[in-house]
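Enquirer: For reference, this is data31.pdb, and it has PDB, C-alpha atoms.
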MODEL        1
ATOM      1  CA  MET A 245      97.685  88.371 104.983
ATOM      2  CA  ARG A 246      95.552  91.180 106.344
ATOM      3  CA  GLU A 247      97.531  93.858 108.146
ATOM      4  CA  VAL A 248      97.048  97.371 109.440
ATOM      5  CA  VAL A 249      99.865  99.766 108.615
ATOM      6  CA  PHE A 250     100.108 102.927 110.691
ATOM      7  CA  LEU A 251     101.978 105.815 109.061
ATOM      8  CA  LEU A 252     102.846 108.132 111.920
ATOM      9  CA  GLU A 253     104.376 111.557 112.262
ATOM     10  CA  GLU A 254     106.524 110.692 115.273
ATOM     11  CA  GLU A 255     107.790 107.906 117.521
ATOM     12  CA  SER A 256     105.572 108.858 120.470
ATOM     13  CA  ALA A 257     102.464 108.157 118.347
ATOM     14  CA  LYS A 258     103.815 104.665 117.623
ATOM     15  CA  VAL A 259     104.427 103.998 121.307
ATOM     16  CA  LEU A 260     100.906 105.143 122.193
ATOM     17  CA  ILE A 261      99.191 103.139 119.418
ATOM     18  CA  GLU A 262     101.203 100.008 120.300
ATOM     19  CA  GLY A 263     100.096 100.357 123.915
ATOM     20  CA  ILE A 264      96.450 100.805 122.981
ATOM     21  CA  ILE A 265      96.521  97.836 120.572
ATOM     22  CA  THR A 266      98.143  95.660 123.244
ATOM     23  CA  LYS A 267      95.459  96.702 125.719
ATOM     24  CA  ILE A 268      92.690  95.862 123.241
ATOM     25  CA  ARG A 269      94.169  92.543 122.151
ATOM     26  CA  GLY A 270      95.454  91.285 125.477
ATOM     27  CA  ASN A 271      97.343  88.068 124.726
ATOM     28  CA  ASP A 272      95.553  87.558 121.411
ATOM     29  CA  ASN A 273      98.026  88.367 118.636
ATOM     30  CA  LYS A 274      95.874  87.113 115.783
ATOM     31  CA  GLU A 275      95.304  88.991 112.573
ATOM     32  CA  PRO A 276      95.320  91.668 111.619
ATOM     33  CA  GLN A 277      98.984  92.203 112.250
ATOM     34  CA  CYS A 278     100.076  95.790 112.826
ATOM     35  CA  LYS A 279     103.078  97.515 111.305
ATOM     36  CA  TYR A 280     104.328 100.987 112.039
ATOM     37  CA  ILE A 281     106.108 103.372 109.718
ATOM     38  CA  VAL A 282     107.375 106.322 111.713
ATOM     39  CA  PHE A 283     108.473 109.543 110.087
ATOM     40  CA  GLU A 284     110.625 112.350 111.415
ATOM     41  CA  GLY A 285     107.874 114.919 111.696
ATOM     42  CA  LYS A 286     105.074 116.339 109.611
ATOM     43  CA  ARG A 287     107.145 117.434 106.604
ATOM     44  CA  ASP A 288     108.918 114.088 106.410
ATOM     45  CA  LEU A 289     105.576 112.236 106.459
ATOM     46  CA  GLN A 290     104.145 114.387 103.676
ATOM     47  CA  LYS A 291     107.327 114.153 101.607
ATOM     48  CA  LYS A 292     107.689 110.348 101.820
ATOM     49  CA  LEU A 293     104.059 109.220 102.100
ATOM     50  CA  PHE A 294     103.520 108.598  98.377
ATOM     51  CA  LYS A 295     106.681 106.518  98.073
ATOM     52  CA  LYS A 296     105.851 104.423 101.153
ATOM     53  CA  LEU A 297     102.289 103.737 100.022
ATOM     54  CA  ASN A 298     103.194 103.121  96.395
ATOM     55  CA  GLY A 299     105.978 100.702  97.291
ATOM     56  CA  TYR A 300     103.939  98.672  99.757
ATOM     57  CA  CYS A 301     103.301  95.208  98.303
ATOM     58  CA  ASN A 302     100.601  93.693 100.508
ATOM     59  CA  GLN A 303      97.335  94.265  98.627
ATOM     60  CA  GLU A 304      95.299  93.424 101.751
ATOM     61  CA  ALA A 305      96.946  96.122 103.847
ATOM     62  CA  VAL A 306      94.833  98.842 105.414
ATOM     63  CA  PHE A 307      96.675 102.126 105.943
ATOM     64  CA  ILE A 308      96.021 104.556 108.771
ATOM     65  CA  ILE A 309      97.777 107.888 108.361
ATOM     66  CA  MET A 310      97.994 109.979 111.529
ATOM     67  CA  GLN A 311      99.312 113.514 111.705
ATOM     68  CA  ASP A 312      99.062 116.376 114.167
ATOM     69  CA  GLN A 313      96.967 119.320 113.062
ATOM     70  CA  ASP A 314      99.197 121.823 114.854
ATOM     71  CA  SER A 315      98.136 125.232 113.519
ATOM     72  CA  GLU A 316      97.007 124.079 110.062
ATOM     73  CA  ASP A 317      93.444 124.060 108.830
ATOM     74  CA  CYS A 318      92.221 120.522 109.540
ATOM     75  CA  ASN A 319      90.235 120.135 106.314
ATOM     76  CA  ARG A 320      93.058 121.422 104.110
ATOM     77  CA  LEU A 321      95.558 119.153 105.808
ATOM     78  CA  LYS A 322      93.328 116.107 105.392
ATOM     79  CA  GLN A 323      92.747 117.019 101.732
ATOM     80  CA  LYS A 324      96.490 117.334 101.144
ATOM     81  CA  LEU A 325      97.103 113.853 102.595
ATOM     82  CA  ASP A 326      94.107 112.432 100.720
ATOM     83  CA  THR A 327      95.499 113.716  97.413
ATOM     84  CA  ILE A 328      98.819 111.972  98.096
ATOM     85  CA  CYS A 329      97.031 108.726  98.997
ATOM     86  CA  LYS A 330      94.879 108.804  95.855
ATOM     87  CA  GLN A 331      97.952 109.331  93.675
ATOM     88  CA  SER A 332      99.472 106.171  95.149
ATOM     89  CA  ASN A 333      96.485 104.120  93.949
ATOM     90  CA  LYS A 334      95.959 102.665  97.416
ATOM     91  CA  CYS A 335      92.257 102.730  98.121
ATOM     92  CA  ASN A 336      92.145 101.165 101.568
ATOM     93  CA  TYR A 337      93.277 104.002 103.826
ATOM     94  CA  LYS A 338      92.026 106.251 106.587
ATOM     95  CA  ILE A 339      93.428 109.644 107.473
ATOM     96  CA  ARG A 340      93.203 110.788 111.068
ATOM     97  CA  ILE A 341      94.197 114.307 111.998
ATOM     98  CA  LEU A 342      94.975 114.765 115.671
ATOM     99  CA  CYS A 343      93.388 118.025 116.773
ATOM    100  CA  ARG A 344      96.350 120.172 117.597
ATOM    101  CA  GLU A 345      98.710 117.467 118.903
ATOM    102  CA  LEU A 346      98.849 113.899 120.170
ATOM    103  CA  GLU A 347      99.002 115.344 123.675
ATOM    104  CA  SER A 348      95.363 116.433 123.302
ATOM    105  CA  TRP A 349      94.431 112.747 123.537
ATOM    106  CA  TYR A 350      96.163 112.503 126.899
ATOM    107  CA  LEU A 351      94.511 115.641 128.229
ATOM    108  CA  ALA A 352      91.109 114.222 127.307
ATOM    109  CA  ASP A 353      91.755 111.440 129.838
ATOM    110  CA  LEU A 354      93.321 112.999 132.925
ATOM    111  CA  GLU A 355      92.488 109.862 134.895
ATOM    112  CA  ALA A 356      94.949 107.946 132.703
ATOM    113  CA  ILE A 357      97.630 110.555 133.407
ATOM    114  CA  GLU A 358      96.977 110.361 137.139
ATOM    115  CA  LYS A 359      97.234 106.547 137.118
ATOM    116  CA  ALA A 360     100.283 106.484 134.855
ATOM    117  CA  PHE A 361     102.333 108.892 136.932
ATOM    118  CA  GLY A 362     100.830 108.398 140.385
ATOM    119  CA  VAL A 363     100.184 112.110 140.783
ATOM    120  CA  SER A 364      96.994 112.664 142.735
ATOM    121  CA  GLY A 365      94.570 115.490 142.063
ATOM    122  CA  ILE A 366      94.998 115.599 138.294
ATOM    123  CA  VAL A 367      91.659 113.950 137.485
ATOM    124  CA  GLN A 368      89.752 116.767 139.238
ATOM    125  CA  LYS A 369      91.124 119.220 136.694
ATOM    126  CA  GLN A 370      88.929 117.539 134.046
ATOM    127  CA  ARG A 371      86.067 119.656 135.409
ATOM    128  CA  LYS A 372      87.926 122.868 134.607
ATOM    129  CA  LYS A 373      86.911 124.562 131.385
ATOM    130  CA  LYS A 374      90.266 124.278 129.638
ATOM    131  CA  PHE A 375      90.464 120.506 130.155
ATOM    132  CA  ARG A 376      86.866 119.738 129.186
ATOM    133  CA  ASN A 377      87.715 120.235 125.510
ATOM    134  CA  PRO A 378      91.478 119.750 125.088
ATOM    135  CA  ASP A 379      91.204 120.120 121.300
ATOM    136  CA  GLU A 380      90.802 123.841 121.885
ATOM    137  CA  LEU A 381      94.070 124.193 123.802
ATOM    138  CA  GLY A 382      96.682 126.140 121.885
ATOM    139  CA  ASN A 383      99.623 124.143 123.233
ATOM    140  CA  PRO A 384      98.655 120.778 124.762
ATOM    141  CA  ALA A 385     102.297 119.727 125.254
ATOM    142  CA  TYR A 386     102.875 122.800 127.423
ATOM    143  CA  GLU A 387      99.815 121.957 129.538
ATOM    144  CA  LEU A 388     101.119 118.420 130.025
ATOM    145  CA  LYS A 389     104.495 119.719 131.149
ATOM    146  CA  LYS A 390     102.712 121.743 133.809
ATOM    147  CA  LEU A 391     100.839 118.639 135.013
ATOM    148  CA  ILE A 392     103.734 116.180 134.772
ATOM    149  CA  PRO A 393     107.145 117.475 135.806
ATOM    150  CA  GLY A 394     109.775 116.002 133.496
ATOM    151  CA  TYR A 395     107.265 115.202 130.727
ATOM    152  CA  GLN A 396     108.912 113.512 127.740
ATOM    153  CA  LYS A 397     106.971 112.520 124.628
ATOM    154  CA  ILE A 398     108.014 108.893 124.149
ATOM    155  CA  MET A 399     108.336 107.921 127.804
ATOM    156  CA  SER A 400     104.982 109.517 128.615
ATOM    157  CA  ALA A 401     103.250 107.776 125.706
ATOM    158  CA  ARG A 402     104.545 104.449 127.029
ATOM    159  CA  GLU A 403     103.341 105.214 130.569
ATOM    160  CA  ILE A 404      99.907 106.574 129.612
ATOM    161  CA  ALA A 405      98.913 104.034 126.914
ATOM    162  CA  PRO A 406      97.890 101.194 129.272
ATOM    163  CA  PHE A 407      95.513 103.499 131.133
ATOM    164  CA  ILE A 408      93.977 105.515 128.311
ATOM    165  CA  ASP A 409      90.277 104.841 127.893
TER     166      ASP A 409
ENDMDL
END
Translate this structure into structure tokens?
Expert:
Amino acid sequence: MREVVFLLEEESAKVLIEGIITKIRGNDNKEPQCKYIVFEGKRDLQKKLFKKLNGYCNQEAVFIIMQDQDSEDCNRLKQKLDTICKQSNKCNYKIRILCRELESWYLADLEAIEKAFGVSGIVQKQRKKKFRNPDELGNPAYELKKLIPGYQKIMSAREIAPFID
């Protein structure tokens, strides 16, 4: 059976991806099925990735590895993950590095944040220089906390996912 396996750095990424997949699929739960393997941070993902890939039995599985860039060099980080994947002999994988953090995705769609939390005036900030290219923000999570009082990673991912475009 064809399936897509997401290997994710943290729980909030799982919540967001589940929400996006649900939005795309609607009520259609046909193949491919999605599975999520969530790690306890960047180091845990890198440490256990080989074992998870190598031990996965479904030969039709497609793997998507997602990790925050944080302050690392994007190309080096992707190369490091690619080396691990190649050693596992799994050839059907994609590596996606999130520029800085997952929160950069949210900041790229301030309309989704405004709808999710019912806070008016947020979408207008998209015209400001710092929100036009959220990948350049040094600390996207901090910027989100300023926009959304009481911001929490998992809860916010759940709220934003249905609205993200």
Enquirer: Output the residue selection produced by the PyMOL selection byres ((chain A and resi 323-334) around 8) on the file above, formatted as number ranges by chain.
Expert: A: 290, 293-295, 297-298, 319-322, 335-337, 339
Enquirer: CA of Pro406 (chain A) and CA of Lys374 (chain A), how far apart in Å?
Expert: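 Separation of CA of Lys374 (chain A) and CA of Pro406 (chain A): 24.3 Å.
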Enquirer: Distance CA of Glu403 (chain A)-CA of Lys338 (chain A), one decimal place?
Expert: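 Going from CA of Glu403 (chain A) over to CA of Lys338 (chain A), I get 26.5 Å.
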Enquirer: Please indicate the distance in Å from CA of Lys359 (chain A) to CA of Gln311 (chain A), rounded to one decimal place.
Expert: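 Result for CA of Lys359 (chain A) versus CA of Gln311 (chain A): 26.4 Å, one decimal.
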Enquirer: Could you pull out every residue with an atom within 12 Å of (100.5, 105.6, 128.9), file coordinates, counting only C-alpha atoms, and send them as number ranges by chain?
Expert: A: 256-264, 266-267, 347, 349-351, 353-362, 395-409
Enquirer: Generate the output file for the selected residues, C-alpha atoms, as an mmCIF file, in the coordinates of the input.
Expert:
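See out35.cif below for the written result:
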data_model
loop_
_atom_site.group_PDB
_atom_site.id
_atom_site.type_symbol
_atom_site.label_atom_id
_atom_site.label_comp_id
_atom_site.auth_asym_id
_atom_site.auth_seq_id
_atom_site.Cartn_x
_atom_site.Cartn_y
_atom_site.Cartn_z
ATOM 1 C CA SER A 256 105.572 108.858 120.470
ATOM 2 C CA ALA A 257 102.464 108.157 118.347
ATOM 3 C CA LYS A 258 103.815 104.665 117.623
ATOM 4 C CA VAL A 259 104.427 103.998 121.307
ATOM 5 C CA LEU A 260 100.906 105.143 122.193
ATOM 6 C CA ILE A 261 99.191 103.139 119.418
ATOM 7 C CA GLU A 262 101.203 100.008 120.300
ATOM 8 C CA GLY A 263 100.096 100.357 123.915
ATOM 9 C CA ILE A 264 96.450 100.805 122.981
ATOM 10 C CA THR A 266 98.143 95.660 123.244
ATOM 11 C CA LYS A 267 95.459 96.702 125.719
ATOM 12 C CA GLU A 347 99.002 115.344 123.675
ATOM 13 C CA TRP A 349 94.431 112.747 123.537
ATOM 14 C CA TYR A 350 96.163 112.503 126.899
ATOM 15 C CA LEU A 351 94.511 115.641 128.229
ATOM 16 C CA ASP A 353 91.755 111.440 129.838
ATOM 17 C CA LEU A 354 93.321 112.999 132.925
ATOM 18 C CA GLU A 355 92.488 109.862 134.895
ATOM 19 C CA ALA A 356 94.949 107.946 132.703
ATOM 20 C CA ILE A 357 97.630 110.555 133.407
ATOM 21 C CA GLU A 358 96.977 110.361 137.139
ATOM 22 C CA LYS A 359 97.234 106.547 137.118
ATOM 23 C CA ALA A 360 100.283 106.484 134.855
ATOM 24 C CA PHE A 361 102.333 108.892 136.932
ATOM 25 C CA GLY A 362 100.830 108.398 140.385
ATOM 26 C CA TYR A 395 107.265 115.202 130.727
ATOM 27 C CA GLN A 396 108.912 113.512 127.740
ATOM 28 C CA LYS A 397 106.971 112.520 124.628
ATOM 29 C CA ILE A 398 108.014 108.893 124.149
ATOM 30 C CA MET A 399 108.336 107.921 127.804
ATOM 31 C CA SER A 400 104.982 109.517 128.615
ATOM 32 C CA ALA A 401 103.250 107.776 125.706
ATOM 33 C CA ARG A 402 104.545 104.449 127.029
ATOM 34 C CA GLU A 403 103.341 105.214 130.569
ATOM 35 C CA ILE A 404 99.907 106.574 129.612
ATOM 36 C CA ALA A 405 98.913 104.034 126.914
ATOM 37 C CA PRO A 406 97.890 101.194 129.272
ATOM 38 C CA PHE A 407 95.513 103.499 131.133
ATOM 39 C CA ILE A 408 93.977 105.515 128.311
ATOM 40 C CA ASP A 409 90.277 104.841 127.893
#
Enquirer: Name the closest residue to Gln277 (chain A) among the candidates A:Cys301, A:Leu381, A:Val248, A:Leu342; distances are taken between atoms, counting all atoms listed in the file.
Expert: A:Val248
Enquirer: Could you tell me which of A:Ile281, A:Leu252, A:Cys343, A:Ala352 comes closest to Tyr300 (chain A) if we count all atoms listed in the file?
Expert: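 That would be A:Ile281, the residue with the smallest distance to Tyr300 (chain A).
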Enquirer: Quick one: axis-aligned box around all listed atoms of region 333-343 of chain A, 6 Å on every side, centre and edge lengths in Å to one decimal, written as JSON.
Expert:
{"center_x": 94.3, "center_y": 109.6, "center_z": 105.4, "size_x": 16.5, "size_y": 28.9, "size_z": 34.8}
Enquirer: Which of these residues is nearest to Leu289 (chain A), using only C-alpha atoms: A:Asp317, A:Ile268, A:Leu251, A:Asn302?
Expert: A:Leu251
Enquirer: So which one's closest to Gly382 (chain A), A:Pro276, A:Arg340, A:Gly365, A:Gln313? Using all atoms listed in the file, please.
Expert: A:Gln313
Enquirer: Please write the residues picked by the PyMOL selection byres ((chain A and resi 249) around 8) on this file as an MDAnalysis selection string.
Expert: chainID A and resid 247:248 250:251 278:281 305:308
Enquirer: When you look at region 390-393 of chain A with a cut-off of 8 Å (counting only C-alpha atoms), what residues show up, excluding the ones that are within fewer than 3 positions of it in the same chain? I need them as a PyMOL selection string.
Expert: chain A and resi 361+366+386-387
Enquirer: Taking all atoms listed in the file into account, which of A:Glu345, A:Glu253, A:Asp272, A:Glu380 comes nearest Lys291 (chain A)?
Expert: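 Smallest distance to Lys291 (chain A) is found for A:Glu253.
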Enquirer: Since the input lacks some atoms of region 300-332 of chain A, please model N, CA and C atoms and print them as a compact mmCIF listing (two decimals), in the frame of the given file.
Expert:
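To be explicit, this is the file written out as part_37.txt:
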# COMPACT_ATOMS: atom_id res chain seq x y z
N TYR A 300 104.40 99.71 98.84
CA TYR A 300 103.94 98.67 99.76
C TYR A 300 103.27 97.56 98.97
N CYS A 301 103.73 96.33 99.15
CA CYS A 301 103.30 95.21 98.30
C CYS A 301 102.03 94.49 98.76
N ASN A 302 101.75 94.46 100.02
CA ASN A 302 100.60 93.69 100.51
C ASN A 302 99.30 94.36 100.06
N GLN A 303 98.58 93.71 99.17
CA GLN A 303 97.34 94.26 98.63
C GLN A 303 96.20 94.27 99.65
N GLU A 304 96.34 93.48 100.72
CA GLU A 304 95.30 93.42 101.75
C GLU A 304 95.54 94.43 102.88
N ALA A 305 96.60 95.18 102.78
CA ALA A 305 96.95 96.12 103.85
C ALA A 305 95.94 97.27 103.92
N VAL A 306 95.65 97.66 105.14
CA VAL A 306 94.83 98.84 105.41
C VAL A 306 95.78 99.87 106.01
N PHE A 307 95.76 101.09 105.49
CA PHE A 307 96.68 102.13 105.94
C PHE A 307 95.94 103.15 106.80
N ILE A 308 96.55 103.49 107.92
CA ILE A 308 96.02 104.56 108.77
C ILE A 308 97.11 105.61 108.88
N ILE A 309 96.83 106.78 108.35
CA ILE A 309 97.78 107.89 108.36
C ILE A 309 97.37 108.84 109.47
N MET A 310 98.28 109.08 110.41
CA MET A 310 97.99 109.98 111.53
C MET A 310 98.99 111.12 111.55
N GLN A 311 98.46 112.33 111.66
CA GLN A 311 99.31 113.51 111.70
C GLN A 311 98.69 114.55 112.61
N ASP A 312 99.54 115.27 113.33
CA ASP A 312 99.06 116.38 114.17
C ASP A 312 98.53 117.50 113.28
N GLN A 313 97.50 118.15 113.76
CA GLN A 313 96.97 119.32 113.06
C GLN A 313 97.90 120.51 113.26
N ASP A 314 98.43 120.65 114.46
CA ASP A 314 99.20 121.82 114.85
C ASP A 314 98.36 123.07 114.55
N SER A 315 98.89 124.00 113.78
CA SER A 315 98.14 125.23 113.52
C SER A 315 97.50 125.24 112.13
N GLU A 316 97.58 124.14 111.42
CA GLU A 316 97.01 124.08 110.06
C GLU A 316 95.49 123.94 110.10
N ASP A 317 94.87 124.29 109.00
CA ASP A 317 93.44 124.06 108.83
C ASP A 317 93.25 122.55 108.66
N CYS A 318 92.43 121.97 109.50
CA CYS A 318 92.22 120.52 109.54
C CYS A 318 91.75 119.97 108.19
N ASN A 319 90.78 120.62 107.59
CA ASN A 319 90.24 120.14 106.31
C ASN A 319 91.26 120.21 105.19
N ARG A 320 92.03 121.29 105.15
CA ARG A 320 93.06 121.42 104.11
C ARG A 320 94.14 120.36 104.28
N LEU A 321 94.53 120.14 105.52
CA LEU A 321 95.56 119.15 105.81
C LEU A 321 95.09 117.75 105.40
N LYS A 322 93.87 117.42 105.76
CA LYS A 322 93.33 116.11 105.39
C LYS A 322 93.23 115.98 103.87
N GLN A 323 92.83 117.03 103.20
CA GLN A 323 92.75 117.02 101.73
C GLN A 323 94.13 116.82 101.10
N LYS A 324 95.13 117.48 101.66
CA LYS A 324 96.49 117.33 101.14
C LYS A 324 96.95 115.88 101.25
N LEU A 325 96.72 115.25 102.40
CA LEU A 325 97.10 113.85 102.60
C LEU A 325 96.26 112.92 101.71
N ASP A 326 95.00 113.24 101.56
CA ASP A 326 94.11 112.43 100.72
C ASP A 326 94.57 112.45 99.26
N THR A 327 94.99 113.60 98.79
CA THR A 327 95.50 113.72 97.41
C THR A 327 96.72 112.82 97.21
N ILE A 328 97.62 112.83 98.18
CA ILE A 328 98.82 111.97 98.10
C ILE A 328 98.41 110.50 98.06
N CYS A 329 97.48 110.12 98.93
CA CYS A 329 97.03 108.73 99.00
C CYS A 329 96.38 108.29 97.69
N LYS A 330 95.55 109.14 97.12
CA LYS A 330 94.88 108.80 95.86
C LYS A 330 95.89 108.62 94.73
N GLN A 331 96.93 109.44 94.71
CA GLN A 331 97.95 109.33 93.68
C GLN A 331 98.71 108.01 93.78
N SER A 332 98.74 107.43 94.96
CA SER A 332 99.47 106.17 95.15
C SER A 332 98.66 104.96 94.71
